[in-house]
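Peer 1: Please read through the structure below; I'll follow up with questions.
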Amino acid sequence: MSQLAHSPHAHAPVSVGKVMATVMLALVPATVFGFWLYGWPAIFLWTVCVAAALLGEAATMQLQGRPARPALLDGSALLTAWLLALSLPPWAPWWIGAIGSLFAVVVTKQVFGGLGQNVFNPAMAARVMLLISFPVEMTLWTAPAPITGLHAPGFAEAWRITFGGGAWDAMTSASLLGHVKTEFTRGVDLLSSLPGYYVPHDSVWGQRAGSLGETSALLLLFGGLYLIARRIVTWHAPVAMLLGVAVPALIANTLAPAHYLGPLPHLLSGGIVLGAFFIATDPVTSPNTATGQFIFGLGCGLLTWIIRTWGGYPEGVAFAVMLMNATTPMIDLYVKPRIYGRNRKGQSLPAAPSKKEA
Amino acid sequence: MNARTLHPFHGGVHPEEHKTESNGRPIATMPLLPCYVVPLRQHIGTPAAPMVKAGDRVLKGQMIGQAEGYVSTAVHAPTSGRILAVEPRPVPHPSGLPDLCIVIESDGEDRAVEFQPLDWRSLDPSALRNRIRDLGLAGLGGAVFPSYIKLNPGATRKVPTLILNGAECEPWITCDDRLMRERADGILRGAAAMQTMLHADEIIVGIEDNKPEAVAALQAAAKHLGLPVEVAIVPTLYPSGGGKQLAYLLTGKEMPAGGRSTDAGVQVFNVATAYSLHRAIDLGEPMLARVVTVTGHVAEPQNFEVRIGTPIGDLIRQAGGELAGATGKLIGGPMMGFELRDDAAPLTKAVNCVIVKNRKLFPAAPPAMPCIRCGECARACPALLQPFEMYWYAKAKDFGKAQSYRLFDCIECGCCSYVCPSHIPLVDFFRFAKGEIWAREREKEASEQARQRHEFHQFRLEREKQEKADKLAAKAVDRLKTVETSSSDPEAERKKAILQAAIERAQKAKEGITPKNVDGLTPQIQQEIADIEARRAQLREAAHAKDEDNA
Ligand code: SF4
Ligand code: SF4
């Protein structure tokens, strides 16, 4: 006899795989732009990340004696690797991508119990790990060399860049945040270090040194808005994160323009937009209520600004997100929805002031 | 057209409607069947008590089961004939367990008892309600709560807002839609009686916007009956037909958790219940039949007015029978309905829809994946719960925690399961957890009573001993002091020695009590108590001696 099904007997046409696929779709424009901007090495790096993540996922599932297929098909490993790749220096050697991806999938996710159980965002945890372990490789940025342009490395040369080691010293450049930090330590204030280096127009489009897929704020913004429109994510965490950076930046910049970057370069630099729409919205590692998500996003933004401004690293999104990941259970404990028929404390609402019998 | 400001409830889902399959044809009737099976439990509460036995002859409309206790209502013979048996038979219930039924073989004459219209305007309210109970009225929206109870406004209370629920938010079901289109007059006549009984100020009918014909029919009926009924159009969003959701939608009033809708000054009845009230009071007819949708993978999906007790297999045949490739039947809608296990089970007052399934319309659920905490379930939950938290703890069998997330506020609407991208059967977990908690509660209650009895017994023993020992010690010390200060003659010395011994013994007695959890009165303790009494006597003696000295 067939097993009896229980209600509901209908289901919305949704699945984890579809959700992940939609997020990936939203990443496509920024990623393709990154490929174009940084050429073949970027494509190789992205491929290495993805391959390592899928292998790592399959191997750990096998080791646990669980079927690997559904885990691979749910797309979470692929998405993690994708997000990690976008946050790496585009010409980083292959092993950076491989180690990062394996760490993200095996240590940050599977060791914690697999899909849905991890405390930290896998991509951000891997990025932090790489940044601490390989600070040199992780901060060597490349000036854009569009794949169609003259300076772009050919396929063979790109292969050597990613897999052979070396051969890219001529192309190094500093990211905006890195430049500002370096100049600052040399005693050069913003008023003289910024002009000529920060061109808002380029930042919007992403024509500057930076991570593989973080430079084009505009394309990432489009992707994020698409996710909101498709109701995959809500606006709370992204908007809060952008505010968390922009508001303190605006205040500080108004008070001391020579010492603090303004909101716009902050928003357009580094991983803020990617972080706001694609990282802070990770359902597993962020709070579950709208209010909680707003608090979470605000914290991510604020911490990013603090780390960027006073910390030892030029970029702080990954650290900020991890710190806020750790607070997520607390936020969820204190921020709960008001249940129907109850007040915020969970007590039953009083009966209506209708005419009571004497 | 819709003057009322609506108060959208939280969450909700919009499954495929599948209404057009069955709502295009008028309500049909069924020929008389040779046999009917009338369950005694067709409503929430205590089952009716059988009033007939095998071999008895009955008439259509004759009461064959009477209400038993407060939350109960009567059942009636759907036709004239002979009682074949009063025995457990398969019934349409999620448990699949058989239940006590009265089986009637019809004599083909369909002779009815004489129905007496109720003079409801002049009848004493409580007498009227008792008549309604004896006519077997129960809510036809699915919950089948005895109507006579809901028609009681309380001692001096009134229920300001009467809501008729015509939302019919479950997919596939169209019986209320057809009823409203075809019998709007009857519905509103019933509603008018309800209004009088509840002293309601207003009547609002809530209908989803996918039923424009029903809206028009009710508006027309209200006009020509001259009844001040407001027909409110609500958006098509499951579960707008949930009592709490509809009441909130139309009035913005929330019913307190664990309370009743009347606590918010609102009472909600299904339109079909209003219609049967009309039949009951204007024609004196008991609840003998209801309208039910037969749809899905059948030849001619349609609504039927069917006698209670009709075997569901016969009903499906009336709709042309199930087509090749059928994979089962659902009772109720796809969101809250359950699987029918036996075609022989009869139609009850609770059954509003029978859906024949096939693989295309009702594909098997994909395997469940881990929860990714995406919060979709919480966004869909009309009770504003956090299903993923309750699921987490229910799965871990941490029922206390699950309860702290207000598991019992869950109305089992199924919205959470419907939207979960991981295809987790959340509602199953909630039902399981509720069942476990109930079972544990019952167990705990039983053992708690035993424990309390035992503990109180222990406590009383301890207390008595303690009091006695304390008094004893205090007195002895007192006496000793007086003896010491008075004199040093040999007589006093003797008394002193006696008292000293008494104090020591009292001390010992006190020490002897310290161990707890003494089981009953052991001989040892009895002995100790006797000892204490003896010492008291000695002390009294000593005291007397001293008094005499002082004198
Ligand atoms: S919808 Fe499913 S996966 Fe998402 S939080 Fe709820 S239970 Fe978890
Ligand atoms: S079944 Fe319960 S938890 Fe799920 S959506 Fe409905 S009320 Fe909420």
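Residue numbering restarts at 1 in every chain; chains get A, B, ... in the order shown in the structure tokens, and ligands count up from 1 in that same order.
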Leaving out Ala10 (chain A) and any residue of its chain fewer than 6 positions from it, which residues lie within 10 Å of it when counting only C-alpha atoms, given as a VMD selection string?
Peer 2: chain B and resid 15 to 16 171 333 to 336 361 to 365 414 to 415 417 to 419
Peer 1: Could you tell me, counting only C-alpha atoms and all ligand atoms, which protein and nucleic acid residues lie no more than 6 Å from ligand 2, written as a ChimeraX atom specification?
Peer 2: /B:380-383,385,387,410-416,427
Peer 1: Using the selection just defined, write its residues with N, CA and C atoms as a PDB file, in the first residue's frame.
Peer 2:
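Done, and the output landed in selection.pdb:
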ATOM      1  N   ALA B 380       4.996  33.130   5.850  1.00  0.00           N
ATOM      2  CA  ALA B 380       3.702  32.641   5.366  1.00  0.00           C
ATOM      3  C   ALA B 380       2.723  32.353   6.496  1.00  0.00           C
ATOM      4  N   CYS B 381       3.198  32.320   7.732  1.00  0.00           N
ATOM      5  CA  CYS B 381       2.354  31.841   8.832  1.00  0.00           C
ATOM      6  C   CYS B 381       1.333  32.895   9.269  1.00  0.00           C
ATOM      7  N   PRO B 382       0.036  32.606   9.127  1.00  0.00           N
ATOM      8  CA  PRO B 382      -0.978  33.584   9.518  1.00  0.00           C
ATOM      9  C   PRO B 382      -1.061  33.771  11.031  1.00  0.00           C
ATOM     10  N   ALA B 383      -0.495  32.832  11.794  1.00  0.00           N
ATOM     11  CA  ALA B 383      -0.527  32.976  13.250  1.00  0.00           C
ATOM     12  C   ALA B 383       0.723  33.704  13.738  1.00  0.00           C
ATOM     13  N   LEU B 385       3.730  32.720  13.774  1.00  0.00           N
ATOM     14  CA  LEU B 385       4.651  31.857  14.507  1.00  0.00           C
ATOM     15  C   LEU B 385       5.966  31.757  13.735  1.00  0.00           C
ATOM     16  N   PRO B 387       7.700  28.787  12.437  1.00  0.00           N
ATOM     17  CA  PRO B 387       7.617  27.332  12.268  1.00  0.00           C
ATOM     18  C   PRO B 387       8.977  26.641  12.308  1.00  0.00           C
ATOM     19  N   CYS B 410      -0.695  27.170  16.766  1.00  0.00           N
ATOM     20  CA  CYS B 410      -0.672  26.759  15.354  1.00  0.00           C
ATOM     21  C   CYS B 410      -2.038  26.232  14.964  1.00  0.00           C
ATOM     22  N   ILE B 411      -2.585  26.752  13.855  1.00  0.00           N
ATOM     23  CA  ILE B 411      -3.911  26.324  13.414  1.00  0.00           C
ATOM     24  C   ILE B 411      -3.811  25.222  12.353  1.00  0.00           C
ATOM     25  N   GLU B 412      -2.621  24.745  12.122  1.00  0.00           N
ATOM     26  CA  GLU B 412      -2.376  23.650  11.172  1.00  0.00           C
ATOM     27  C   GLU B 412      -2.918  23.963   9.783  1.00  0.00           C
ATOM     28  N   CYS B 413      -2.744  25.223   9.378  1.00  0.00           N
ATOM     29  CA  CYS B 413      -3.262  25.632   8.075  1.00  0.00           C
ATOM     30  C   CYS B 413      -2.409  25.109   6.930  1.00  0.00           C
ATOM     31  N   GLY B 414      -1.159  24.780   7.205  1.00  0.00           N
ATOM     32  CA  GLY B 414      -0.315  24.202   6.169  1.00  0.00           C
ATOM     33  C   GLY B 414       0.450  25.205   5.310  1.00  0.00           C
ATOM     34  N   CYS B 415       0.283  26.492   5.579  1.00  0.00           N
ATOM     35  CA  CYS B 415       0.985  27.498   4.768  1.00  0.00           C
ATOM     36  C   CYS B 415       2.499  27.303   4.825  1.00  0.00           C
ATOM     37  N   CYS B 416       2.997  26.977   6.021  1.00  0.00           N
ATOM     38  CA  CYS B 416       4.449  26.841   6.190  1.00  0.00           C
ATOM     39  C   CYS B 416       4.980  25.694   5.342  1.00  0.00           C
ATOM     40  N   VAL B 427       3.964  20.659   9.198  1.00  0.00           N
ATOM     41  CA  VAL B 427       2.728  20.459   9.956  1.00  0.00           C
ATOM     42  C   VAL B 427       2.702  19.069  10.583  1.00  0.00           C
TER      43      VAL B 427
END
Peer 1: Quick one, how far is CA of Gly309 (chain B) from CA of Pro92 (chain B)?
Peer 2: 10.9 Å
Peer 1: For the atom pair CA of Ala274 (chain B) and CA of Leu137 (chain B), what is the interatomic distance in Å to one decimal place?
Peer 2: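 Computing it gives 9.8 Å between the two atoms.
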Peer 1: Check every residue of chain A for an atom within 6 Å of chain B, counting only C-alpha atoms, and provide those that qualify as a list in words.
Peer 2: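 Applying the cut-off to the listed atoms yields Ser7, Pro8, His9, Ala10, His11, Ala12, Val14, Ser15, Val16, Gly116, Pro283, Val284, Asn288, Ile339, Tyr340, Gly341, Arg342, Ser348, Leu349, Ala351, Ala352 and Glu357 of chain A.
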Peer 1: Next, write the just-selected residues to a file, as an mmCIF file, in the first residue's frame, keeping N, CA, C and O atoms as the atom set.
Peer 2:
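Output (again07.cif):
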data_model
loop_
_atom_site.group_PDB
_atom_site.id
_atom_site.type_symbol
_atom_site.label_atom_id
_atom_site.label_comp_id
_atom_site.auth_asym_id
_atom_site.auth_seq_id
_atom_site.Cartn_x
_atom_site.Cartn_y
_atom_site.Cartn_z
ATOM 1 N N SER A 7 -1.481 16.388 5.069
ATOM 2 C CA SER A 7 -1.710 17.723 4.538
ATOM 3 C C SER A 7 -0.537 18.636 4.880
ATOM 4 O O SER A 7 0.125 18.413 5.878
ATOM 5 N N PRO A 8 -0.263 19.672 4.144
ATOM 6 C CA PRO A 8 -0.954 19.992 2.902
ATOM 7 C C PRO A 8 -0.548 19.068 1.757
ATOM 8 O O PRO A 8 0.561 18.559 1.742
ATOM 9 N N HIS A 9 -1.483 18.883 0.840
ATOM 10 C CA HIS A 9 -1.222 18.009 -0.297
ATOM 11 C C HIS A 9 -0.815 18.808 -1.519
ATOM 12 O O HIS A 9 -0.727 18.283 -2.616
ATOM 13 N N ALA A 10 -0.631 20.100 -1.324
ATOM 14 C CA ALA A 10 -0.174 20.943 -2.427
ATOM 15 C C ALA A 10 1.125 21.609 -1.991
ATOM 16 O O ALA A 10 1.378 21.751 -0.795
ATOM 17 N N HIS A 11 1.920 21.968 -2.941
ATOM 18 C CA HIS A 11 3.178 22.610 -2.601
ATOM 19 C C HIS A 11 3.514 23.677 -3.623
ATOM 20 O O HIS A 11 3.295 23.492 -4.804
ATOM 21 N N ALA A 12 4.059 24.774 -3.117
ATOM 22 C CA ALA A 12 4.477 25.837 -4.015
ATOM 23 C C ALA A 12 5.643 25.323 -4.866
ATOM 24 O O ALA A 12 6.408 24.483 -4.416
ATOM 25 N N VAL A 14 8.633 25.605 -5.368
ATOM 26 C CA VAL A 14 9.917 26.148 -4.916
ATOM 27 C C VAL A 14 10.783 25.012 -4.394
ATOM 28 O O VAL A 14 10.294 23.966 -4.021
ATOM 29 N N SER A 15 12.082 25.241 -4.415
ATOM 30 C CA SER A 15 13.008 24.285 -3.817
ATOM 31 C C SER A 15 14.291 25.025 -3.486
ATOM 32 O O SER A 15 14.528 26.138 -3.983
ATOM 33 N N VAL A 16 15.094 24.422 -2.630
ATOM 34 C CA VAL A 16 16.358 25.046 -2.256
ATOM 35 C C VAL A 16 17.203 25.284 -3.514
ATOM 36 O O VAL A 16 17.791 26.351 -3.696
ATOM 37 N N GLY A 116 22.504 24.432 6.406
ATOM 38 C CA GLY A 116 21.556 24.969 7.379
ATOM 39 C C GLY A 116 22.064 24.999 8.806
ATOM 40 O O GLY A 116 21.426 25.567 9.679
ATOM 41 N N PRO A 283 20.427 33.251 4.511
ATOM 42 C CA PRO A 283 19.415 32.928 5.519
ATOM 43 C C PRO A 283 19.969 32.147 6.698
ATOM 44 O O PRO A 283 19.556 32.328 7.832
ATOM 45 N N VAL A 284 20.916 31.266 6.411
ATOM 46 C CA VAL A 284 21.380 30.356 7.461
ATOM 47 C C VAL A 284 22.066 31.108 8.596
ATOM 48 O O VAL A 284 21.893 30.785 9.764
ATOM 49 N N ASN A 288 16.218 35.847 11.648
ATOM 50 C CA ASN A 288 15.059 35.427 10.873
ATOM 51 C C ASN A 288 13.916 36.422 10.824
ATOM 52 O O ASN A 288 12.996 36.250 10.051
ATOM 53 N N ILE A 339 3.096 37.207 18.148
ATOM 54 C CA ILE A 339 2.228 36.139 17.673
ATOM 55 C C ILE A 339 0.786 36.614 17.674
ATOM 56 O O ILE A 339 0.369 37.386 18.536
ATOM 57 N N TYR A 340 0.015 36.145 16.691
ATOM 58 C CA TYR A 340 -1.398 36.489 16.586
ATOM 59 C C TYR A 340 -2.106 36.192 17.915
ATOM 60 O O TYR A 340 -1.939 35.124 18.481
ATOM 61 N N GLY A 341 -2.882 37.155 18.386
ATOM 62 C CA GLY A 341 -3.663 36.938 19.603
ATOM 63 C C GLY A 341 -2.859 37.098 20.877
ATOM 64 O O GLY A 341 -3.359 36.824 21.958
ATOM 65 N N ARG A 342 -1.595 37.539 20.753
ATOM 66 C CA ARG A 342 -0.766 37.732 21.933
ATOM 67 C C ARG A 342 -0.065 39.086 21.847
ATOM 68 O O ARG A 342 0.094 39.634 20.767
ATOM 69 N N SER A 348 -1.559 36.317 26.265
ATOM 70 C CA SER A 348 -2.783 36.419 25.495
ATOM 71 C C SER A 348 -3.332 37.842 25.573
ATOM 72 O O SER A 348 -3.253 38.482 26.617
ATOM 73 N N LEU A 349 -3.858 38.312 24.457
ATOM 74 C CA LEU A 349 -4.438 39.664 24.450
ATOM 75 C C LEU A 349 -5.652 39.687 25.381
ATOM 76 O O LEU A 349 -6.316 38.676 25.549
ATOM 77 N N ALA A 351 -9.468 40.334 26.513
ATOM 78 C CA ALA A 351 -10.715 40.256 25.764
ATOM 79 C C ALA A 351 -11.136 41.661 25.374
ATOM 80 O O ALA A 351 -10.808 42.638 26.047
ATOM 81 N N ALA A 352 -11.866 41.760 24.280
ATOM 82 C CA ALA A 352 -12.253 43.068 23.767
ATOM 83 C C ALA A 352 -13.105 43.807 24.790
ATOM 84 O O ALA A 352 -13.792 43.190 25.598
ATOM 85 N N GLU A 357 -20.746 41.086 31.341
ATOM 86 C CA GLU A 357 -21.859 40.934 32.269
ATOM 87 C C GLU A 357 -21.430 41.458 33.636
ATOM 88 O O GLU A 357 -20.270 41.426 33.995
#
Peer 1: To one decimal place in Å, what is the distance between CA of His266 (chain A) and CA of Leu303 (chain A)?
Peer 2: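 These two atoms are separated by 12.8 Å.
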Peer 1: Considering only C-alpha atoms, return as a PDB file with C-alpha atoms, in the first residue's frame whatever protein or nucleic-acid residues lie within 7 Å of region 103-116 of chain B, sequence-local ones (same chain, fewer than 2 positions apart) excluded.
Peer 2:
ATOM      1  CA  PRO B  34     -30.474   1.355  -0.596  1.00  0.00           C
ATOM      2  CA  CYS B  35     -28.314   1.946   2.460  1.00  0.00           C
ATOM      3  CA  TYR B  36     -27.059   4.830   4.620  1.00  0.00           C
ATOM      4  CA  VAL B  37     -24.488   4.877   7.401  1.00  0.00           C
ATOM      5  CA  VAL B  38     -24.881   7.646   9.964  1.00  0.00           C
ATOM      6  CA  LEU B  59     -38.735   7.839   9.356  1.00  0.00           C
ATOM      7  CA  LYS B  60     -36.742  10.424   7.490  1.00  0.00           C
ATOM      8  CA  GLY B  61     -35.799  13.221   9.847  1.00  0.00           C
ATOM      9  CA  GLN B  62     -36.359  11.160  12.961  1.00  0.00           C
ATOM     10  CA  THR B  79     -34.556   8.392   4.931  1.00  0.00           C
ATOM     11  CA  SER B  80     -37.235   5.995   6.121  1.00  0.00           C
ATOM     12  CA  GLY B  81     -36.374   2.349   6.642  1.00  0.00           C
ATOM     13  CA  ARG B  82     -35.092  -0.228   9.045  1.00  0.00           C
ATOM     14  CA  ILE B  83     -32.069  -0.053  11.319  1.00  0.00           C
ATOM     15  CA  LEU B  84     -29.693  -2.805  10.264  1.00  0.00           C
ATOM     16  CA  ALA B  85     -27.070  -2.305  12.922  1.00  0.00           C
ATOM     17  CA  VAL B  86     -25.521   0.068  15.424  1.00  0.00           C
ATOM     18  CA  CYS B 101     -22.512   4.309  13.244  1.00  0.00           C
ATOM     19  CA  LEU B 118     -39.982  27.048  14.664  1.00  0.00           C
ATOM     20  CA  LEU B 283     -39.065  24.571   7.656  1.00  0.00           C
ATOM     21  CA  GLY B 284     -38.351  22.754  10.917  1.00  0.00           C
ATOM     22  CA  GLU B 285     -35.999  20.467   9.052  1.00  0.00           C
TER      23      GLU B 285
END
Peer 1: Excluding same-chain residues fewer than 5 positions from Gly39 (chain A), what lies within 10 Å of it counting only C-alpha atoms, as a ChimeraX atom specification?
Peer 2: /A:33-34,44,90-91,144-149,151-155,158,212
